[in-house]
>>> print(open('work01.cif').read())   # mmCIF, N, CA and C atoms
data_final
#
loop_
_atom_site.label_atom_id
_atom_site.label_comp_id
_atom_site.auth_asym_id
_atom_site.auth_seq_id
_atom_site.Cartn_x
_atom_site.Cartn_y
_atom_site.Cartn_z
N MET I 1 40.32 -55.24 -65.36
CA MET I 1 40.30 -56.65 -65.02
C MET I 1 40.07 -56.79 -63.52
N LEU I 2 39.20 -57.70 -63.14
CA LEU I 2 38.99 -58.06 -61.74
C LEU I 2 39.59 -59.44 -61.52
N HIS I 3 40.59 -59.51 -60.67
CA HIS I 3 41.24 -60.77 -60.31
C HIS I 3 40.60 -61.25 -59.02
N ILE I 4 40.05 -62.45 -59.04
CA ILE I 4 39.38 -63.02 -57.87
C ILE I 4 40.23 -64.17 -57.34
N VAL I 5 40.68 -64.01 -56.10
CA VAL I 5 41.56 -65.00 -55.47
C VAL I 5 40.80 -65.62 -54.30
N ASN I 6 40.77 -66.97 -54.27
CA ASN I 6 40.01 -67.63 -53.20
C ASN I 6 40.84 -68.55 -52.31
N LYS I 7 42.10 -68.75 -52.59
CA LYS I 7 42.92 -69.66 -51.79
C LYS I 7 43.81 -68.90 -50.81
N SER I 8 43.99 -69.46 -49.64
CA SER I 8 44.88 -68.88 -48.65
C SER I 8 46.31 -68.87 -49.19
N PRO I 9 47.05 -67.79 -48.95
CA PRO I 9 48.46 -67.75 -49.36
C PRO I 9 49.29 -68.84 -48.69
N GLN I 10 48.82 -69.41 -47.58
CA GLN I 10 49.52 -70.50 -46.91
C GLN I 10 49.32 -71.81 -47.67
N GLU I 11 48.24 -71.88 -48.46
CA GLU I 11 47.89 -73.12 -49.17
C GLU I 11 48.41 -73.14 -50.60
N LYS I 12 48.28 -72.02 -51.31
CA LYS I 12 48.66 -71.93 -52.72
C LYS I 12 49.37 -70.61 -52.97
N ASN I 13 50.00 -70.48 -54.13
CA ASN I 13 50.69 -69.23 -54.47
C ASN I 13 49.86 -68.36 -55.41
N CYS I 14 48.55 -68.55 -55.42
CA CYS I 14 47.66 -67.80 -56.31
C CYS I 14 47.77 -66.29 -56.11
N LEU I 15 47.83 -65.83 -54.87
CA LEU I 15 47.90 -64.40 -54.62
C LEU I 15 49.21 -63.83 -55.17
N ASP I 16 50.30 -64.49 -54.91
CA ASP I 16 51.59 -64.02 -55.44
C ASP I 16 51.57 -63.97 -56.96
N ALA I 17 51.03 -65.00 -57.59
CA ALA I 17 50.95 -65.04 -59.05
C ALA I 17 50.06 -63.91 -59.56
N CYS I 18 48.95 -63.70 -58.91
CA CYS I 18 48.02 -62.64 -59.30
C CYS I 18 48.69 -61.27 -59.20
N LEU I 19 49.31 -60.99 -58.06
CA LEU I 19 49.96 -59.70 -57.88
C LEU I 19 51.10 -59.49 -58.86
N GLY I 20 51.70 -60.58 -59.29
CA GLY I 20 52.80 -60.49 -60.23
C GLY I 20 52.38 -60.15 -61.65
N VAL I 21 51.18 -60.52 -62.02
CA VAL I 21 50.74 -60.27 -63.41
C VAL I 21 49.66 -59.20 -63.54
N ALA I 22 49.03 -58.83 -62.45
CA ALA I 22 47.97 -57.81 -62.52
C ALA I 22 48.55 -56.48 -63.00
N THR I 23 47.89 -55.89 -63.97
CA THR I 23 48.37 -54.63 -64.53
C THR I 23 47.88 -53.45 -63.69
N ASP I 24 48.58 -52.35 -63.79
CA ASP I 24 48.22 -51.15 -63.02
C ASP I 24 46.75 -50.79 -63.26
N GLY I 25 46.07 -50.47 -62.18
CA GLY I 25 44.67 -50.10 -62.26
C GLY I 25 43.70 -51.26 -62.14
N ALA I 26 44.20 -52.48 -62.16
CA ALA I 26 43.33 -53.65 -62.02
C ALA I 26 42.79 -53.73 -60.60
N ALA I 27 41.74 -54.53 -60.43
CA ALA I 27 41.16 -54.77 -59.11
C ALA I 27 41.43 -56.21 -58.70
N VAL I 28 41.65 -56.40 -57.41
CA VAL I 28 41.86 -57.73 -56.85
C VAL I 28 40.84 -57.91 -55.72
N LEU I 29 40.06 -58.98 -55.81
CA LEU I 29 39.08 -59.30 -54.78
C LEU I 29 39.47 -60.60 -54.10
N LEU I 30 39.64 -60.55 -52.79
CA LEU I 30 39.96 -61.73 -52.00
C LEU I 30 38.68 -62.29 -51.42
N ILE I 31 38.44 -63.59 -51.67
CA ILE I 31 37.25 -64.25 -51.14
C ILE I 31 37.67 -65.54 -50.45
N GLU I 32 36.73 -66.17 -49.78
CA GLU I 32 36.95 -67.44 -49.09
C GLU I 32 38.22 -67.35 -48.22
N ASP I 33 39.12 -68.33 -48.27
CA ASP I 33 40.30 -68.33 -47.40
C ASP I 33 41.36 -67.31 -47.79
N ALA I 34 41.24 -66.72 -48.96
CA ALA I 34 42.20 -65.68 -49.36
C ALA I 34 42.06 -64.42 -48.49
N VAL I 35 40.94 -64.26 -47.80
CA VAL I 35 40.73 -63.06 -46.98
C VAL I 35 41.76 -62.97 -45.85
N TYR I 36 42.33 -64.09 -45.45
CA TYR I 36 43.35 -64.04 -44.39
C TYR I 36 44.51 -63.15 -44.77
N ALA I 37 44.84 -63.08 -46.05
CA ALA I 37 45.97 -62.27 -46.51
C ALA I 37 45.79 -60.79 -46.21
N ALA I 38 44.56 -60.35 -46.04
CA ALA I 38 44.26 -58.94 -45.84
C ALA I 38 44.13 -58.56 -44.36
N THR I 39 44.68 -59.39 -43.49
CA THR I 39 44.56 -59.12 -42.06
C THR I 39 45.90 -58.75 -41.44
N THR I 40 45.83 -57.94 -40.41
CA THR I 40 47.05 -57.52 -39.72
C THR I 40 47.79 -58.73 -39.18
N GLY I 41 49.10 -58.68 -39.32
CA GLY I 41 49.92 -59.77 -38.83
C GLY I 41 50.14 -60.89 -39.81
N HIS I 42 49.37 -60.94 -40.89
CA HIS I 42 49.56 -62.02 -41.87
C HIS I 42 50.76 -61.67 -42.76
N PRO I 43 51.61 -62.64 -43.07
CA PRO I 43 52.79 -62.36 -43.91
C PRO I 43 52.46 -61.74 -45.28
N ALA I 44 51.31 -62.06 -45.84
CA ALA I 44 50.93 -61.52 -47.16
C ALA I 44 50.42 -60.08 -47.07
N ALA I 45 50.10 -59.60 -45.90
CA ALA I 45 49.56 -58.24 -45.75
C ALA I 45 50.53 -57.19 -46.28
N ALA I 46 51.82 -57.39 -46.06
CA ALA I 46 52.83 -56.44 -46.55
C ALA I 46 52.83 -56.38 -48.07
N LYS I 47 52.61 -57.51 -48.73
CA LYS I 47 52.54 -57.53 -50.19
C LYS I 47 51.35 -56.73 -50.69
N LEU I 48 50.23 -56.85 -49.99
CA LEU I 48 49.04 -56.08 -50.38
C LEU I 48 49.26 -54.59 -50.15
N GLU I 49 49.89 -54.25 -49.04
CA GLU I 49 50.17 -52.84 -48.77
C GLU I 49 51.07 -52.24 -49.84
N GLN I 50 52.03 -53.02 -50.33
CA GLN I 50 52.90 -52.53 -51.41
C GLN I 50 52.12 -52.40 -52.72
N ALA I 51 51.17 -53.30 -52.96
CA ALA I 51 50.42 -53.32 -54.21
C ALA I 51 49.34 -52.24 -54.27
N GLN I 52 48.97 -51.65 -53.14
CA GLN I 52 47.86 -50.71 -53.12
C GLN I 52 48.10 -49.46 -53.97
N SER I 53 49.33 -49.15 -54.26
CA SER I 53 49.61 -47.96 -55.08
C SER I 53 49.28 -48.19 -56.55
N ARG I 54 49.19 -49.45 -56.97
CA ARG I 54 48.92 -49.71 -58.38
C ARG I 54 47.67 -50.53 -58.64
N LEU I 55 47.11 -51.13 -57.58
CA LEU I 55 45.93 -51.97 -57.71
C LEU I 55 44.84 -51.52 -56.75
N LYS I 56 43.59 -51.81 -57.10
CA LYS I 56 42.47 -51.59 -56.19
C LYS I 56 42.21 -52.91 -55.49
N LEU I 57 42.28 -52.91 -54.18
CA LEU I 57 42.20 -54.14 -53.40
C LEU I 57 40.91 -54.22 -52.61
N TYR I 58 40.24 -55.37 -52.71
CA TYR I 58 38.97 -55.59 -52.04
C TYR I 58 38.97 -56.94 -51.35
N VAL I 59 38.13 -57.05 -50.34
CA VAL I 59 37.91 -58.33 -49.66
C VAL I 59 36.40 -58.48 -49.48
N LEU I 60 35.92 -59.71 -49.57
CA LEU I 60 34.49 -59.97 -49.37
C LEU I 60 34.21 -60.02 -47.87
N ARG I 61 33.48 -59.02 -47.39
CA ARG I 61 33.23 -58.85 -45.96
C ARG I 61 32.59 -60.09 -45.31
N PRO I 62 31.55 -60.70 -45.93
CA PRO I 62 30.97 -61.89 -45.28
C PRO I 62 31.98 -63.02 -45.06
N ASP I 63 32.93 -63.19 -45.97
CA ASP I 63 33.96 -64.23 -45.78
C ASP I 63 34.92 -63.84 -44.66
N LEU I 64 35.23 -62.56 -44.56
CA LEU I 64 36.09 -62.06 -43.49
C LEU I 64 35.41 -62.26 -42.13
N GLU I 65 34.12 -61.93 -42.08
CA GLU I 65 33.35 -62.08 -40.84
C GLU I 65 33.19 -63.55 -40.46
N ALA I 66 32.97 -64.41 -41.44
CA ALA I 66 32.79 -65.84 -41.17
C ALA I 66 34.04 -66.46 -40.54
N ARG I 67 35.19 -65.85 -40.80
CA ARG I 67 36.45 -66.35 -40.25
C ARG I 67 36.88 -65.59 -39.00
N GLY I 68 36.01 -64.71 -38.52
CA GLY I 68 36.29 -63.97 -37.30
C GLY I 68 37.42 -62.96 -37.43
N MET I 69 37.64 -62.44 -38.64
CA MET I 69 38.77 -61.57 -38.91
C MET I 69 38.37 -60.13 -39.26
N ALA I 70 37.11 -59.78 -39.13
CA ALA I 70 36.63 -58.47 -39.57
C ALA I 70 37.33 -57.32 -38.86
N ASP I 71 37.74 -57.51 -37.63
CA ASP I 71 38.39 -56.43 -36.88
C ASP I 71 39.88 -56.33 -37.16
N ARG I 72 40.40 -57.18 -38.06
CA ARG I 72 41.84 -57.19 -38.35
C ARG I 72 42.15 -56.78 -39.79
N LEU I 73 41.19 -56.22 -40.50
CA LEU I 73 41.39 -55.83 -41.90
C LEU I 73 42.40 -54.69 -41.99
N ILE I 74 43.38 -54.84 -42.90
CA ILE I 74 44.38 -53.79 -43.08
C ILE I 74 43.78 -52.63 -43.87
N ALA I 75 44.33 -51.46 -43.71
CA ALA I 75 43.79 -50.25 -44.32
C ALA I 75 43.90 -50.24 -45.84
N ALA I 76 44.81 -51.00 -46.40
CA ALA I 76 45.03 -51.01 -47.85
C ALA I 76 43.89 -51.67 -48.62
N VAL I 77 42.99 -52.36 -47.92
CA VAL I 77 41.95 -53.17 -48.56
C VAL I 77 40.57 -52.66 -48.16
N THR I 78 39.67 -52.63 -49.14
CA THR I 78 38.29 -52.21 -48.91
C THR I 78 37.38 -53.42 -48.83
N ALA I 79 36.56 -53.49 -47.80
CA ALA I 79 35.61 -54.58 -47.65
C ALA I 79 34.35 -54.28 -48.46
N VAL I 80 33.84 -55.30 -49.15
CA VAL I 80 32.60 -55.16 -49.91
C VAL I 80 31.65 -56.29 -49.52
N ASP I 81 30.35 -56.04 -49.67
CA ASP I 81 29.36 -57.07 -49.43
C ASP I 81 29.08 -57.79 -50.75
N TYR I 82 28.09 -58.67 -50.76
CA TYR I 82 27.79 -59.42 -51.98
C TYR I 82 27.36 -58.49 -53.12
N GLY I 83 26.62 -57.44 -52.79
CA GLY I 83 26.24 -56.46 -53.81
C GLY I 83 27.46 -55.79 -54.42
N GLY I 84 28.45 -55.49 -53.58
CA GLY I 84 29.69 -54.90 -54.08
C GLY I 84 30.46 -55.87 -54.97
N PHE I 85 30.41 -57.15 -54.62
CA PHE I 85 31.03 -58.18 -55.45
C PHE I 85 30.38 -58.19 -56.83
N VAL I 86 29.06 -58.15 -56.86
CA VAL I 86 28.33 -58.14 -58.13
C VAL I 86 28.68 -56.89 -58.93
N ASP I 87 28.75 -55.75 -58.26
CA ASP I 87 29.12 -54.50 -58.96
C ASP I 87 30.50 -54.61 -59.58
N LEU I 88 31.46 -55.13 -58.83
CA LEU I 88 32.82 -55.29 -59.35
C LEU I 88 32.84 -56.23 -60.56
N ALA I 89 32.11 -57.33 -60.46
CA ALA I 89 32.06 -58.29 -61.56
C ALA I 89 31.40 -57.69 -62.79
N ALA I 90 30.40 -56.84 -62.58
CA ALA I 90 29.71 -56.20 -63.71
C ALA I 90 30.59 -55.14 -64.38
N GLU I 91 31.48 -54.52 -63.63
CA GLU I 91 32.33 -53.45 -64.15
C GLU I 91 33.58 -53.96 -64.86
N HIS I 92 33.98 -55.19 -64.61
CA HIS I 92 35.26 -55.70 -65.10
C HIS I 92 35.11 -57.04 -65.81
N THR I 93 36.09 -57.36 -66.60
CA THR I 93 36.31 -58.72 -67.05
C THR I 93 36.92 -59.46 -65.87
N CYS I 94 36.47 -60.68 -65.60
CA CYS I 94 36.92 -61.39 -64.40
C CYS I 94 37.90 -62.50 -64.72
N GLN I 95 38.89 -62.63 -63.84
CA GLN I 95 39.88 -63.71 -63.90
C GLN I 95 39.92 -64.36 -62.53
N SER I 96 39.53 -65.62 -62.45
CA SER I 96 39.59 -66.34 -61.18
C SER I 96 40.90 -67.08 -61.06
N TRP I 97 41.50 -67.00 -59.88
CA TRP I 97 42.76 -67.67 -59.58
C TRP I 97 42.43 -68.85 -58.67
N LEU I 98 42.57 -70.05 -59.21
CA LEU I 98 42.18 -71.25 -58.45
C LEU I 98 43.34 -71.98 -57.89
#
>>> encode(input="work01.cif", output="structure tokens")
Amino acid sequence: MLHIVNKSPQEKNCLDACLGVATDGAAVLLIEDAVYAATTGHPAAAKLEQAQSRLKLYVLRPDLEARGMADRLIAAVTAVDYGGFVDLAAEHTCQSWL
């Protein structure tokens, strides 16, 4: 399963809900304002670091760059481009968290 989260953790609890129900081995892709969670200093970064042992964590690089946060990506998360997003979507059943 690929869980796609697009809302900032400051705005909605989508990321917390996703991390709570995602099964071991699932993938989580952060897009749009959710990319803030994957940056150093963000309160949600610790949750992602804890989840990395059971989930595959990704962030959409163009969204990270658009927000000026590309240099603050935490090590627990892998950045992907649009092609990588398509590959992830093709490999998994997708669940969007709105």
>>> resolve_selection(input="work01.cif", expression="the PyMOL selection byres (((chain I and resi 20-27 and name CA) around 9) and name CA)", output="count of residues only")
19
>>> select_by_dssp(input="work01.cif", residues="chain I", states="strand (DSSP E)", output="count of residues only")
20
>>> closest_residue(input="work01.cif", among="I:Leu64, I:Val86, I:Leu30, I:Ile74", to="His42 in chain I", atoms="only C-alpha atoms")
I:Ile74
>>> atom_distance(input="work01.cif", atom1="CA of Asp33 in chain I", atom2="atom C of Asn6 in chain I")
4.9 Å
>>> atom_distance(input="work01.cif", atom1="CA of Ala45 in chain I", atom2="atom C of Arg61 in chain I")
17.1 Å
>>> select_by_dssp(input="work01.cif", residues="chain I", states="alpha helix (DSSP H)", output="PyMOL selection string")
chain I and resi 14-21+45-51+61-66+82-91
>>> atom_distance(input="work01.cif", atom1="atom C of Met69 in chain I", atom2="atom N of Glu49 in chain I")
16.2 Å
>>> residues_near_point(input="work01.cif", point="(44.8, -54.8, -47.5)", cutoff="10 Å", atoms="only C-alpha atoms", output="list in words")
Leu30, Val35, Tyr36, Ala37, Ala38, Thr39, Thr40, Ala44, Ala45, Ala46, Lys47, Leu48, Glu49, Gln50, Ala51, Gln52, Lys56, Leu57, Tyr58, Val59, Arg72, Leu73, Ile74, Ala75, Ala76, Val77, Thr78 and Ala79 of chain I
>>> resolve_selection(input="work01.cif", expression="the PyMOL selection byres ((chain I and resi 10) around 8)", output="PDB file with N, CA and C atoms, in the coordinates of the input")
ATOM      1  N   LYS I   7      42.100 -68.750 -52.590  1.00  0.00           N
ATOM      2  CA  LYS I   7      42.920 -69.660 -51.790  1.00  0.00           C
ATOM      3  C   LYS I   7      43.810 -68.900 -50.810  1.00  0.00           C
ATOM      4  N   SER I   8      43.990 -69.460 -49.640  1.00  0.00           N
ATOM      5  CA  SER I   8      44.880 -68.880 -48.650  1.00  0.00           C
ATOM      6  C   SER I   8      46.310 -68.870 -49.190  1.00  0.00           C
ATOM      7  N   PRO I   9      47.050 -67.790 -48.950  1.00  0.00           N
ATOM      8  CA  PRO I   9      48.460 -67.750 -49.360  1.00  0.00           C
ATOM      9  C   PRO I   9      49.290 -68.840 -48.690  1.00  0.00           C
ATOM     10  N   GLU I  11      48.240 -71.880 -48.460  1.00  0.00           N
ATOM     11  CA  GLU I  11      47.890 -73.120 -49.170  1.00  0.00           C
ATOM     12  C   GLU I  11      48.410 -73.140 -50.600  1.00  0.00           C
ATOM     13  N   LYS I  12      48.280 -72.020 -51.310  1.00  0.00           N
ATOM     14  CA  LYS I  12      48.660 -71.930 -52.720  1.00  0.00           C
ATOM     15  C   LYS I  12      49.370 -70.610 -52.970  1.00  0.00           C
ATOM     16  N   ASN I  13      50.000 -70.480 -54.130  1.00  0.00           N
ATOM     17  CA  ASN I  13      50.690 -69.230 -54.470  1.00  0.00           C
ATOM     18  C   ASN I  13      49.860 -68.360 -55.410  1.00  0.00           C
ATOM     19  N   CYS I  14      48.550 -68.550 -55.420  1.00  0.00           N
ATOM     20  CA  CYS I  14      47.660 -67.800 -56.310  1.00  0.00           C
ATOM     21  C   CYS I  14      47.770 -66.290 -56.110  1.00  0.00           C
ATOM     22  N   ASP I  33      39.120 -68.330 -48.270  1.00  0.00           N
ATOM     23  CA  ASP I  33      40.300 -68.330 -47.400  1.00  0.00           C
ATOM     24  C   ASP I  33      41.360 -67.310 -47.790  1.00  0.00           C
ATOM     25  N   ALA I  34      41.240 -66.720 -48.960  1.00  0.00           N
ATOM     26  CA  ALA I  34      42.200 -65.680 -49.360  1.00  0.00           C
ATOM     27  C   ALA I  34      42.060 -64.420 -48.490  1.00  0.00           C
ATOM     28  N   ALA I  37      44.840 -63.080 -46.050  1.00  0.00           N
ATOM     29  CA  ALA I  37      45.970 -62.270 -46.510  1.00  0.00           C
ATOM     30  C   ALA I  37      45.790 -60.790 -46.210  1.00  0.00           C
ATOM     31  N   ALA I  44      51.310 -62.060 -45.840  1.00  0.00           N
ATOM     32  CA  ALA I  44      50.930 -61.520 -47.160  1.00  0.00           C
ATOM     33  C   ALA I  44      50.420 -60.080 -47.070  1.00  0.00           C
TER      34      ALA I  44
END
>>> residues_around(input="work01.cif", residues="Asp81 in chain I", least_positions_apart="2", cutoff="6 Å", atoms="all atoms listed in the file", output="mmCIF file with N, CA and C atoms, in the coordinates of the input")
data_model
loop_
_atom_site.group_PDB
_atom_site.id
_atom_site.type_symbol
_atom_site.label_atom_id
_atom_site.label_comp_id
_atom_site.auth_asym_id
_atom_site.auth_seq_id
_atom_site.Cartn_x
_atom_site.Cartn_y
_atom_site.Cartn_z
ATOM 1 N N LEU I 60 35.920 -59.710 -49.570
ATOM 2 C CA LEU I 60 34.490 -59.970 -49.370
ATOM 3 C C LEU I 60 34.210 -60.020 -47.870
ATOM 4 N N ARG I 61 33.480 -59.020 -47.390
ATOM 5 C CA ARG I 61 33.230 -58.850 -45.960
ATOM 6 C C ARG I 61 32.590 -60.090 -45.310
ATOM 7 N N PRO I 62 31.550 -60.700 -45.930
ATOM 8 C CA PRO I 62 30.970 -61.890 -45.280
ATOM 9 C C PRO I 62 31.980 -63.020 -45.060
ATOM 10 N N ALA I 79 36.560 -53.490 -47.800
ATOM 11 C CA ALA I 79 35.610 -54.580 -47.650
ATOM 12 C C ALA I 79 34.350 -54.280 -48.460
ATOM 13 N N GLY I 83 26.620 -57.440 -52.790
ATOM 14 C CA GLY I 83 26.240 -56.460 -53.810
ATOM 15 C C GLY I 83 27.460 -55.790 -54.420
ATOM 16 N N GLY I 84 28.450 -55.490 -53.580
ATOM 17 C CA GLY I 84 29.690 -54.900 -54.080
ATOM 18 C C GLY I 84 30.460 -55.870 -54.970
ATOM 19 N N PHE I 85 30.410 -57.150 -54.620
ATOM 20 C CA PHE I 85 31.030 -58.180 -55.450
ATOM 21 C C PHE I 85 30.380 -58.190 -56.830
#
>>> axis_aligned_box(input="work01.cif", around="range 54-71 of chain I", padding_each_side="6 Å", output="JSON")
{"center_x": 40.1, "center_y": -58.0, "center_z": -47.8, "size_x": 30.2, "size_y": 29.0, "size_z": 33.8}
>>> closest_residue(input="work01.cif", among="I:Val5, I:Ala89, I:Glu65, I:Gln95", to="Glu32 in chain I", atoms="all atoms listed in the file")
I:Val5
>>> decode(input="work01.cif", residues="range 22-96 of chain I", atoms="C-alpha atoms", output="CSV table (one decimal), in the first residue's frame")
chain,number,residue,atom,x,y,z
I,22,ALA,CA,-0.1,1.9,7.9
I,23,THR,CA,1.0,-1.8,8.1
I,24,ASP,CA,4.6,-2.9,8.2
I,25,GLY,CA,6.3,-2.6,4.8
I,26,ALA,CA,3.9,0.0,3.5
I,27,ALA,CA,5.1,3.1,1.8
I,28,VAL,CA,4.3,6.7,2.7
I,29,LEU,CA,4.7,9.5,0.3
I,30,LEU,CA,4.6,13.1,1.5
I,31,ILE,CA,3.5,15.7,-1.1
I,32,GLU,CA,2.4,19.3,-1.1
I,33,ASP,CA,2.5,20.9,2.4
I,34,ALA,CA,3.0,17.5,4.1
I,35,VAL,CA,6.7,17.7,3.0
I,36,TYR,CA,7.3,20.0,5.9
I,37,ALA,CA,7.0,17.0,8.3
I,38,ALA,CA,10.2,15.5,6.7
I,39,THR,CA,12.4,18.4,7.6
I,40,THR,CA,14.9,18.9,10.4
I,41,GLY,CA,13.4,20.7,13.3
I,42,HIS,CA,9.8,20.0,12.5
I,43,PRO,CA,7.9,18.3,15.4
I,44,ALA,CA,6.6,15.5,13.1
I,45,ALA,CA,10.2,14.6,12.0
I,46,ALA,CA,10.7,12.5,15.1
I,47,LYS,CA,7.5,10.5,14.3
I,48,LEU,CA,8.9,9.8,10.8
I,49,GLU,CA,12.3,8.7,12.2
I,50,GLN,CA,10.5,6.3,14.5
I,51,ALA,CA,8.4,4.9,11.7
I,52,GLN,CA,11.3,4.3,9.3
I,53,SER,CA,12.0,0.9,10.8
I,54,ARG,CA,8.6,-0.4,9.6
I,55,LEU,CA,7.6,1.9,6.7
I,56,LYS,CA,9.3,3.1,3.5
I,57,LEU,CA,9.2,6.9,3.6
I,58,TYR,CA,9.3,9.2,0.6
I,59,VAL,CA,8.9,12.9,-0.1
I,60,LEU,CA,8.2,14.5,-3.5
I,61,ARG,CA,11.3,16.5,-4.2
I,62,PRO,CA,9.7,19.2,-6.4
I,63,ASP,CA,7.3,20.0,-3.5
I,64,LEU,CA,10.2,20.1,-1.1
I,65,GLU,CA,12.2,22.4,-3.4
I,66,ALA,CA,9.2,24.7,-4.0
I,67,ARG,CA,9.0,25.3,-0.3
I,68,GLY,CA,12.7,26.0,0.0
I,69,MET,CA,13.2,23.0,2.3
I,70,ALA,CA,15.4,20.7,0.1
I,71,ASP,CA,18.4,21.2,2.3
I,72,ARG,CA,16.6,20.3,5.5
I,73,LEU,CA,15.4,16.7,4.5
I,74,ILE,CA,15.8,14.2,7.3
I,75,ALA,CA,17.8,11.0,6.6
I,76,ALA,CA,14.8,8.8,7.3
I,77,VAL,CA,13.0,9.9,4.1
I,78,THR,CA,13.9,9.4,0.5
I,79,ALA,CA,13.2,12.2,-2.0
I,80,VAL,CA,11.7,11.2,-5.4
I,81,ASP,CA,10.9,13.1,-8.5
I,82,TYR,CA,7.6,12.9,-10.5
I,83,GLY,CA,8.9,9.7,-12.2
I,84,GLY,CA,9.5,8.2,-8.8
I,85,PHE,CA,6.0,9.1,-7.8
I,86,VAL,CA,4.6,7.4,-10.8
I,87,ASP,CA,6.7,4.3,-10.1
I,88,LEU,CA,5.5,4.1,-6.5
I,89,ALA,CA,1.9,4.5,-7.7
I,90,ALA,CA,2.3,1.8,-10.3
I,91,GLU,CA,3.9,-0.6,-7.7
I,92,HIS,CA,1.2,-0.2,-5.0
I,93,THR,CA,-2.4,0.2,-4.3
I,94,CYS,CA,-2.8,3.9,-3.3
I,95,GLN,CA,-4.6,5.5,-0.4
I,96,SER,CA,-4.8,9.3,-0.3
